[in-house]
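Student: My file is target20.txt. It has compact mmCIF, C-alpha atoms:
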```txt
# COMPACT_ATOMS: atom_id res chain seq x y z
CA MET E 1 2.90 8.91 -24.99
CA LYS E 2 5.29 11.33 -23.33
CA ALA E 3 7.90 13.17 -25.36
CA GLY E 4 10.82 11.18 -23.83
CA GLU E 5 9.27 7.87 -24.80
CA ASP E 6 8.96 8.65 -28.52
CA GLY E 7 10.14 5.63 -30.55
CA SER E 8 10.62 3.32 -27.56
CA ALA E 9 7.97 0.89 -28.75
CA LEU E 10 9.59 0.71 -32.17
CA ALA E 11 13.03 0.15 -30.64
CA LEU E 12 11.59 -2.62 -28.51
CA SER E 13 10.03 -4.34 -31.48
CA TRP E 14 13.31 -4.13 -33.44
CA ALA E 15 15.11 -5.61 -30.44
CA GLY E 16 12.51 -8.37 -30.36
CA LEU E 17 13.09 -9.08 -34.04
CA ALA E 18 16.85 -9.21 -33.52
CA LEU E 19 16.42 -11.56 -30.55
CA ALA E 20 14.15 -13.83 -32.58
CA VAL E 21 16.70 -14.02 -35.40
CA VAL E 22 19.45 -14.88 -32.89
CA ALA E 23 17.18 -17.51 -31.32
CA LEU E 24 16.47 -19.02 -34.74
CA VAL E 25 20.17 -19.25 -35.61
CA LEU E 26 20.92 -20.75 -32.19
CA VAL E 27 18.19 -23.38 -32.53
CA VAL E 28 19.40 -24.35 -36.01
CA ASP E 29 23.05 -24.50 -34.98
CA LEU E 30 22.50 -26.36 -31.71
CA ALA E 31 20.34 -28.87 -33.56
CA ALA E 32 23.08 -29.31 -36.16
CA TYR E 33 25.65 -29.98 -33.41
CA GLN E 34 23.31 -32.35 -31.58
CA ALA E 35 22.59 -34.29 -34.76
CA ALA E 36 26.28 -34.44 -35.66
CA ALA E 37 27.19 -35.62 -32.15
CA LEU E 38 24.55 -38.34 -32.27
CA ARG E 39 25.67 -39.45 -35.73
CA ALA E 40 29.34 -39.40 -34.71
CA GLN E 41 28.66 -41.56 -31.65
CA GLY E 42 26.67 -44.02 -33.74
CA VAL E 43 29.40 -44.27 -36.37
CA ALA E 44 32.09 -44.61 -33.68
CA ASP E 45 30.15 -47.45 -32.03
CA ALA E 46 29.65 -49.23 -35.36
CA ALA E 47 33.30 -48.74 -36.37
CA ALA E 48 34.57 -50.05 -33.03
CA LEU E 49 32.34 -53.13 -33.31
CA ALA E 50 33.55 -53.71 -36.86
CA ALA E 51 37.19 -53.36 -35.80
CA VAL E 52 36.92 -55.72 -32.85
CA ALA E 53 35.14 -58.30 -35.01
CA ALA E 54 38.32 -58.61 -37.09
CA GLY E 55 39.67 -60.77 -34.28
CA HIS E 56 36.65 -63.08 -34.29
CA PRO E 57 37.42 -66.61 -35.56
CA ARG E 58 34.28 -66.68 -37.74
CA THR E 59 35.04 -63.41 -39.54
CA THR E 60 35.42 -64.06 -43.27
CA ASP E 61 36.47 -60.50 -44.13
CA ALA E 62 40.20 -60.27 -44.88
CA ALA E 63 40.49 -56.62 -43.78
CA ASP E 64 42.20 -55.85 -40.49
CA GLY E 65 40.70 -53.84 -37.61
CA PRO E 66 41.66 -50.35 -38.82
CA GLY E 67 40.57 -51.20 -42.36
CA ARG E 68 37.15 -52.37 -41.18
CA ALA E 69 36.76 -49.33 -38.91
CA ALA E 70 37.71 -46.95 -41.74
CA ARG E 71 35.22 -48.63 -44.10
CA VAL E 72 32.36 -48.27 -41.62
CA ALA E 73 33.31 -44.66 -40.80
CA ARG E 74 33.44 -43.72 -44.49
CA ALA E 75 30.09 -45.38 -45.16
CA GLY E 76 28.61 -43.46 -42.23
CA GLY E 77 29.84 -40.11 -43.55
CA ALA E 78 32.64 -39.76 -41.00
CA ASP E 79 36.43 -39.75 -41.01
CA LEU E 80 38.46 -42.22 -38.97
CA VAL E 81 40.69 -40.12 -36.70
CA ALA E 82 42.31 -42.82 -34.59
CA CYS E 83 42.08 -46.57 -34.10
CA ARG E 84 43.81 -48.36 -31.26
CA CYS E 85 43.30 -51.72 -32.89
CA ASP E 86 46.38 -53.84 -32.23
CA ARG E 87 46.46 -57.18 -34.00
CA GLY E 88 45.05 -59.86 -31.73
CA ALA E 89 43.82 -57.32 -29.15
CA ARG E 90 40.45 -58.06 -27.60
CA THR E 91 39.71 -54.38 -26.91
CA VAL E 92 39.75 -51.64 -29.51
CA GLU E 93 39.17 -47.89 -29.29
CA VAL E 94 38.03 -45.89 -32.29
CA THR E 95 37.70 -42.12 -32.73
CA VAL E 96 35.80 -40.60 -35.65
CA ALA E 97 35.02 -37.05 -36.78
CA VAL E 98 31.80 -35.88 -38.41
CA PRO E 99 31.50 -32.50 -40.17
CA VAL E 100 28.91 -30.08 -38.81
CA ARG E 101 26.68 -28.01 -41.07
CA ALA E 102 26.03 -25.11 -38.73
CA VAL E 103 25.46 -21.45 -39.61
CA ALA E 104 27.30 -19.38 -37.03
CA LEU E 105 28.61 -21.49 -34.16
CA THR E 106 31.37 -23.17 -36.20
CA ARG E 107 33.59 -20.17 -35.43
CA PHE E 108 33.47 -20.99 -31.73
CA ALA E 109 32.76 -24.71 -31.57
CA GLY E 110 34.67 -26.00 -34.60
CA ARG E 111 33.61 -27.56 -37.88
CA VAL E 112 33.72 -31.19 -36.77
CA VAL E 113 32.37 -33.23 -33.90
CA ARG E 114 34.47 -36.12 -32.60
CA ALA E 115 33.29 -39.23 -30.84
CA THR E 116 35.16 -42.16 -29.33
CA ALA E 117 33.91 -45.68 -28.75
CA GLU E 118 35.43 -48.78 -27.24
CA ALA E 119 34.50 -52.36 -28.06
CA ARG E 120 35.60 -55.59 -26.42
CA LEU E 121 35.52 -59.11 -27.85
CA VAL E 122 33.94 -61.33 -25.22
CA PRO E 123 33.97 -65.06 -25.95
CA THR E 124 30.62 -66.67 -25.23
CA PRO E 125 30.19 -70.41 -24.64
CA GLN E 126 28.68 -72.28 -27.60
CA PRO E 127 25.28 -73.76 -26.75
CA SER E 128 26.16 -77.14 -28.25
CA SER E 129 29.37 -77.53 -26.21
CA ALA E 130 27.54 -76.41 -23.05
CA ALA E 131 24.91 -79.08 -23.67
CA GLN E 132 27.59 -81.70 -24.29
CA ARG E 133 29.36 -80.73 -21.08
CA THR E 134 26.09 -81.09 -19.19
CA VAL E 135 25.55 -84.52 -20.67
CA SER E 136 29.08 -85.67 -19.91
CA ASP E 137 28.84 -84.29 -16.37
CA ALA E 138 25.64 -86.20 -15.87
CA GLY E 139 27.23 -89.36 -17.25
CA MET J 1 14.65 38.41 -28.92
CA SER J 2 11.66 36.38 -29.84
CA ARG J 3 11.80 32.64 -30.35
CA PRO J 4 10.29 31.24 -33.53
CA ALA J 5 6.98 29.63 -33.06
CA ALA J 6 6.68 25.93 -33.56
CA GLY J 7 5.76 25.01 -37.10
CA SER J 8 7.18 28.21 -38.54
CA ALA J 9 9.60 28.26 -41.49
CA ALA J 10 12.56 28.98 -39.19
CA ALA J 11 12.11 25.79 -37.18
CA PRO J 12 10.15 23.23 -39.19
CA ALA J 13 8.65 20.56 -37.02
CA ARG J 14 6.01 17.93 -37.68
CA SER J 15 2.92 18.46 -35.73
CA PRO J 16 1.65 15.64 -33.49
CA ARG J 17 -1.31 15.35 -35.87
CA VAL J 18 1.03 14.40 -38.77
CA GLU J 19 2.86 11.73 -36.68
CA ALA J 20 -0.31 10.26 -35.29
CA GLY J 21 -0.62 6.65 -36.47
CA SER J 22 2.96 6.26 -37.71
CA LEU J 23 3.91 4.25 -34.64
CA SER J 24 0.91 2.00 -35.11
CA LEU J 25 1.92 1.40 -38.72
CA GLU J 26 5.49 0.49 -37.76
CA LEU J 27 4.26 -1.83 -35.05
CA ALA J 28 1.80 -3.37 -37.48
CA LEU J 29 4.75 -4.23 -39.72
CA THR J 30 7.18 -5.47 -37.08
CA VAL J 31 4.88 -7.47 -34.82
CA PRO J 32 3.78 -9.94 -37.54
CA ALA J 33 7.42 -10.35 -38.55
CA LEU J 34 8.28 -11.07 -34.93
CA PHE J 35 5.54 -13.69 -34.67
CA LEU J 36 6.66 -15.23 -37.95
CA LEU J 37 10.20 -15.55 -36.65
CA LEU J 38 9.02 -17.04 -33.36
CA LEU J 39 6.96 -19.52 -35.36
CA LEU J 40 10.06 -20.42 -37.37
CA VAL J 41 12.00 -20.97 -34.13
CA LEU J 42 9.23 -23.27 -32.91
CA HIS J 43 9.14 -25.20 -36.20
CA GLY J 44 12.93 -25.45 -36.17
CA ALA J 45 12.85 -26.93 -32.67
CA VAL J 46 10.21 -29.51 -33.67
CA TYR J 47 12.18 -30.42 -36.81
CA ALA J 48 15.38 -30.77 -34.77
CA ARG J 49 13.66 -33.04 -32.26
CA ASP J 50 12.31 -35.23 -35.07
CA ALA J 51 15.69 -35.32 -36.82
CA LEU J 52 17.35 -36.56 -33.62
CA LEU J 53 14.59 -39.12 -33.09
CA VAL J 54 14.94 -40.46 -36.64
CA GLN J 55 18.74 -40.59 -36.42
CA ALA J 56 18.57 -42.55 -33.17
CA ALA J 57 16.01 -44.93 -34.69
CA ALA J 58 18.18 -45.52 -37.77
CA GLN J 59 21.20 -46.29 -35.58
CA ARG J 60 19.20 -48.71 -33.49
CA GLY J 61 17.95 -50.39 -36.67
CA ALA J 62 21.48 -50.68 -38.05
CA ARG J 63 22.69 -52.22 -34.80
CA VAL J 64 19.91 -54.82 -34.91
CA ALA J 65 20.44 -55.43 -38.65
CA ALA J 66 24.11 -56.20 -37.97
CA THR J 67 23.17 -59.03 -35.66
CA THR J 68 20.28 -60.63 -37.54
CA ALA J 69 19.25 -61.44 -41.09
CA ASP J 70 15.61 -61.01 -40.12
CA ASP J 71 14.33 -57.73 -41.63
CA PRO J 72 11.01 -57.66 -39.72
CA GLU J 73 13.02 -57.65 -36.49
CA VAL J 74 14.93 -54.59 -37.73
CA ILE J 75 11.72 -52.83 -38.73
CA ALA J 76 10.18 -53.59 -35.34
CA ALA J 77 13.23 -52.14 -33.56
CA VAL J 78 13.05 -48.93 -35.63
CA ARG J 79 9.29 -48.58 -35.07
CA ASP J 80 9.83 -49.07 -31.35
CA ALA J 81 12.50 -46.34 -31.33
CA LEU J 82 10.14 -44.01 -33.24
CA ASP J 83 7.47 -44.51 -30.61
CA GLY J 84 4.91 -45.74 -33.12
CA ARG J 85 5.24 -42.85 -35.60
CA LEU J 86 4.78 -43.59 -39.29
CA ALA J 87 8.01 -43.86 -41.23
CA THR J 88 9.52 -45.51 -44.27
CA ILE J 89 12.25 -47.97 -43.32
CA ASP J 90 14.72 -49.35 -45.84
CA VAL J 91 17.28 -52.04 -45.03
CA THR J 92 20.00 -52.73 -47.63
CA PRO J 93 21.42 -55.04 -48.75
CA ARG J 94 19.08 -57.94 -48.19
CA ARG J 95 21.96 -60.38 -48.02
CA ARG J 96 24.11 -59.70 -44.94
CA GLU J 97 27.13 -61.94 -45.16
CA GLY J 98 30.50 -60.16 -45.41
CA ALA J 99 29.07 -56.69 -45.99
CA LEU J 100 27.91 -53.51 -44.42
CA VAL J 101 24.24 -53.05 -43.72
CA ARG J 102 22.51 -49.68 -44.14
CA VAL J 103 19.25 -48.60 -42.57
CA THR J 104 17.45 -45.53 -43.94
CA VAL J 105 14.52 -44.04 -42.06
CA THR J 106 12.30 -41.34 -43.59
CA MET J 107 9.60 -39.59 -41.60
CA ARG J 108 7.30 -36.58 -42.04
CA SER J 109 7.92 -33.94 -39.41
CA ARG J 110 4.81 -31.91 -38.66
CA ALA J 111 4.69 -28.58 -36.81
CA GLY J 112 1.37 -26.79 -37.09
CA ARG J 113 0.41 -26.77 -40.76
CA GLY J 114 3.95 -27.17 -42.01
CA THR J 115 5.48 -30.50 -42.88
CA ALA J 116 9.04 -31.44 -43.73
CA THR J 117 10.71 -34.72 -44.58
CA VAL J 118 13.37 -35.96 -42.18
CA THR J 119 15.75 -38.65 -43.39
CA ALA J 120 18.51 -40.42 -41.45
CA ARG J 121 20.91 -43.17 -42.46
CA ALA J 122 22.98 -45.44 -40.28
CA VAL J 123 25.49 -48.10 -41.18
CA ALA J 124 26.94 -51.09 -39.36
CA ALA J 125 29.23 -53.99 -40.19
CA VAL J 126 27.49 -57.33 -40.31
CA GLU J 127 28.65 -59.40 -37.37
CA PRO J 128 30.39 -62.75 -37.94
CA GLY J 129 28.03 -65.68 -38.37
CA VAL J 130 25.04 -63.61 -39.48
CA ALA J 131 23.87 -64.79 -42.89
CA ARG J 132 20.68 -65.20 -44.82
```
Show me, as structure tokens, the structure contained in the file I just sent.
Tutor:
Amino acid sequence: MKAGEDGSALALSWAGLALAVVALVLVVDLAAYQAAALRAQGVADAAALAAVAAGHPRTTDAADGPGRAARVARAGGADLVACRCDRGARTVEVTVAVPVRAVALTRFAGRVVRATAEARLVPTPQPSSAAQRTVSDAG
Amino acid sequence: MSRPAAGSAAAPARSPRVEAGSLSLELALTVPALFLLLLLVLHGAVYARDALLVQAAAQRGARVAATTADDPEVIAAVRDALDGRLATIDVTPRRREGALVRVTVTMRSRAGRGTATVTARAVAAVEPGVAR
């Protein structure tokens, strides 16, 4: 090794170690954000479906749309941020926030991940009435 | 004026013979640490992939559980989402009417010789008309 290159291998290996540590933190943090985003979207979907079901005639639950959405969000480990759930509306929009357990990226990307979901109540024809209509049409 | 010779008391310097092998020793210490860290990165990536897979499977199971009182159908949906991997699937409560349904999926994540347990929970409101 020439005199000018003394210590270069050691410096390179230290740089490699530092890069590996940064890569490890990045992998852990990105995974935490990905998992939180997936969980938030799942909870938002479930909360929106629960809220829109409040307008269903066969729903026995006395809670209104926002109450049902908040209950589902809480059970899923999220906070209900917003619920456009007007009484009698057939379309609802729910936004939830899920906390992120990341190591370093929370300073730049925030401590929560938000997700929004929309659900629509679509009336479907009852099989029995459809069959009756067919019979009466035939008659 | 004469310059002091290398290695004299006036200008102490380590001879190349003394330093020989020190670089190898430092590399011998840092290179395994580097490989260990890279291995940790790899294991972390595998664990993260499995965690996302299990979370998605639990959500799919909860969605199915909200629409049916048939637990085997829920378990089949979760197994399908897990691509046939072995996992413990728990659906609670058994009775669906007027309640929330929770699906918990637990799976062993394996990367090399290391194993870790990945658990995910998902919840959904039971849809109207679904009862056992």
Student: So that I can see what lies close to range 85-87 of chain J, please list as a PyMOL selection string the residues with an atom at most 12 Å from it, counting all atoms listed in the file and leaving out residues fewer than 6 positions away in the same chain.
Tutor: chain J and resi 50+53-54+57-58+75-76+78-79+104-110+117-120
Student: Taking all atoms listed in the file into account and nothing else, which residues of chain J lie no more than 9 Å away from chain E? Please answer as a PDB file with C-alpha atoms, keeping the file's coordinate frame.
Tutor:
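Saved to selection_23.pdb:
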```pdb
ATOM      1  CA  LEU J  23       3.910   4.250 -34.640  1.00  0.00           C
ATOM      2  CA  GLU J  26       5.490   0.490 -37.760  1.00  0.00           C
ATOM      3  CA  LEU J  27       4.260  -1.830 -35.050  1.00  0.00           C
ATOM      4  CA  THR J  30       7.180  -5.470 -37.080  1.00  0.00           C
ATOM      5  CA  VAL J  31       4.880  -7.470 -34.820  1.00  0.00           C
ATOM      6  CA  ALA J  33       7.420 -10.350 -38.550  1.00  0.00           C
ATOM      7  CA  LEU J  34       8.280 -11.070 -34.930  1.00  0.00           C
ATOM      8  CA  PHE J  35       5.540 -13.690 -34.670  1.00  0.00           C
ATOM      9  CA  LEU J  37      10.200 -15.550 -36.650  1.00  0.00           C
ATOM     10  CA  LEU J  38       9.020 -17.040 -33.360  1.00  0.00           C
ATOM     11  CA  LEU J  40      10.060 -20.420 -37.370  1.00  0.00           C
ATOM     12  CA  VAL J  41      12.000 -20.970 -34.130  1.00  0.00           C
ATOM     13  CA  LEU J  42       9.230 -23.270 -32.910  1.00  0.00           C
ATOM     14  CA  GLY J  44      12.930 -25.450 -36.170  1.00  0.00           C
ATOM     15  CA  ALA J  45      12.850 -26.930 -32.670  1.00  0.00           C
ATOM     16  CA  TYR J  47      12.180 -30.420 -36.810  1.00  0.00           C
ATOM     17  CA  ALA J  48      15.380 -30.770 -34.770  1.00  0.00           C
ATOM     18  CA  ARG J  49      13.660 -33.040 -32.260  1.00  0.00           C
ATOM     19  CA  ALA J  51      15.690 -35.320 -36.820  1.00  0.00           C
ATOM     20  CA  LEU J  52      17.350 -36.560 -33.620  1.00  0.00           C
ATOM     21  CA  GLN J  55      18.740 -40.590 -36.420  1.00  0.00           C
ATOM     22  CA  ALA J  56      18.570 -42.550 -33.170  1.00  0.00           C
ATOM     23  CA  GLN J  59      21.200 -46.290 -35.580  1.00  0.00           C
ATOM     24  CA  ARG J  60      19.200 -48.710 -33.490  1.00  0.00           C
ATOM     25  CA  ALA J  62      21.480 -50.680 -38.050  1.00  0.00           C
ATOM     26  CA  ARG J  63      22.690 -52.220 -34.800  1.00  0.00           C
ATOM     27  CA  GLU J  97      27.130 -61.940 -45.160  1.00  0.00           C
ATOM     28  CA  GLY J  98      30.500 -60.160 -45.410  1.00  0.00           C
ATOM     29  CA  ALA J  99      29.070 -56.690 -45.990  1.00  0.00           C
ATOM     30  CA  LEU J 100      27.910 -53.510 -44.420  1.00  0.00           C
ATOM     31  CA  ARG J 102      22.510 -49.680 -44.140  1.00  0.00           C
ATOM     32  CA  ARG J 121      20.910 -43.170 -42.460  1.00  0.00           C
ATOM     33  CA  ALA J 122      22.980 -45.440 -40.280  1.00  0.00           C
ATOM     34  CA  VAL J 123      25.490 -48.100 -41.180  1.00  0.00           C
ATOM     35  CA  ALA J 124      26.940 -51.090 -39.360  1.00  0.00           C
ATOM     36  CA  ALA J 125      29.230 -53.990 -40.190  1.00  0.00           C
ATOM     37  CA  VAL J 126      27.490 -57.330 -40.310  1.00  0.00           C
ATOM     38  CA  GLU J 127      28.650 -59.400 -37.370  1.00  0.00           C
ATOM     39  CA  PRO J 128      30.390 -62.750 -37.940  1.00  0.00           C
ATOM     40  CA  GLY J 129      28.030 -65.680 -38.370  1.00  0.00           C
TER      41      GLY J 129
END
```
Student: For a quick check of understanding, using only C-alpha atoms, which of E:Phe108, E:Gly55, E:Ala63, E:Pro99 has the smallest distance to Leu121 in chain E?
Tutor: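 Selected residue with least distance to Leu121 in chain E: E:Gly55.
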Student: Could you state the separation of CA of Asp79 in chain E and CA of Ala115 in chain E in Å, given to one decimal place?
Tutor: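 Separating CA of Asp79 in chain E from CA of Ala115 in chain E is a distance of 10.7 Å.
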Student: CA of Ala89 in chain E to CA of Pro123 in chain E: how many Å, to one decimal?
Tutor: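 Interatomic distance, CA of Ala89 in chain E to CA of Pro123 in chain E: 12.9 Å.
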Student: In terms of the shortest atom-to-atom distance over all atoms listed in the file, which of E:Tyr33, E:Ala11, E:Gly67, E:Val94 is closest to Arg111 in chain E?
Tutor: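 Among the listed residues, the smallest separation from Arg111 in chain E belongs to E:Tyr33.
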Student: Pick from E:Gly110, E:Ala119, E:Val81, E:Val52: nearest to Val96 in chain E, with all atoms listed in the file counted?
Tutor: E:Val81
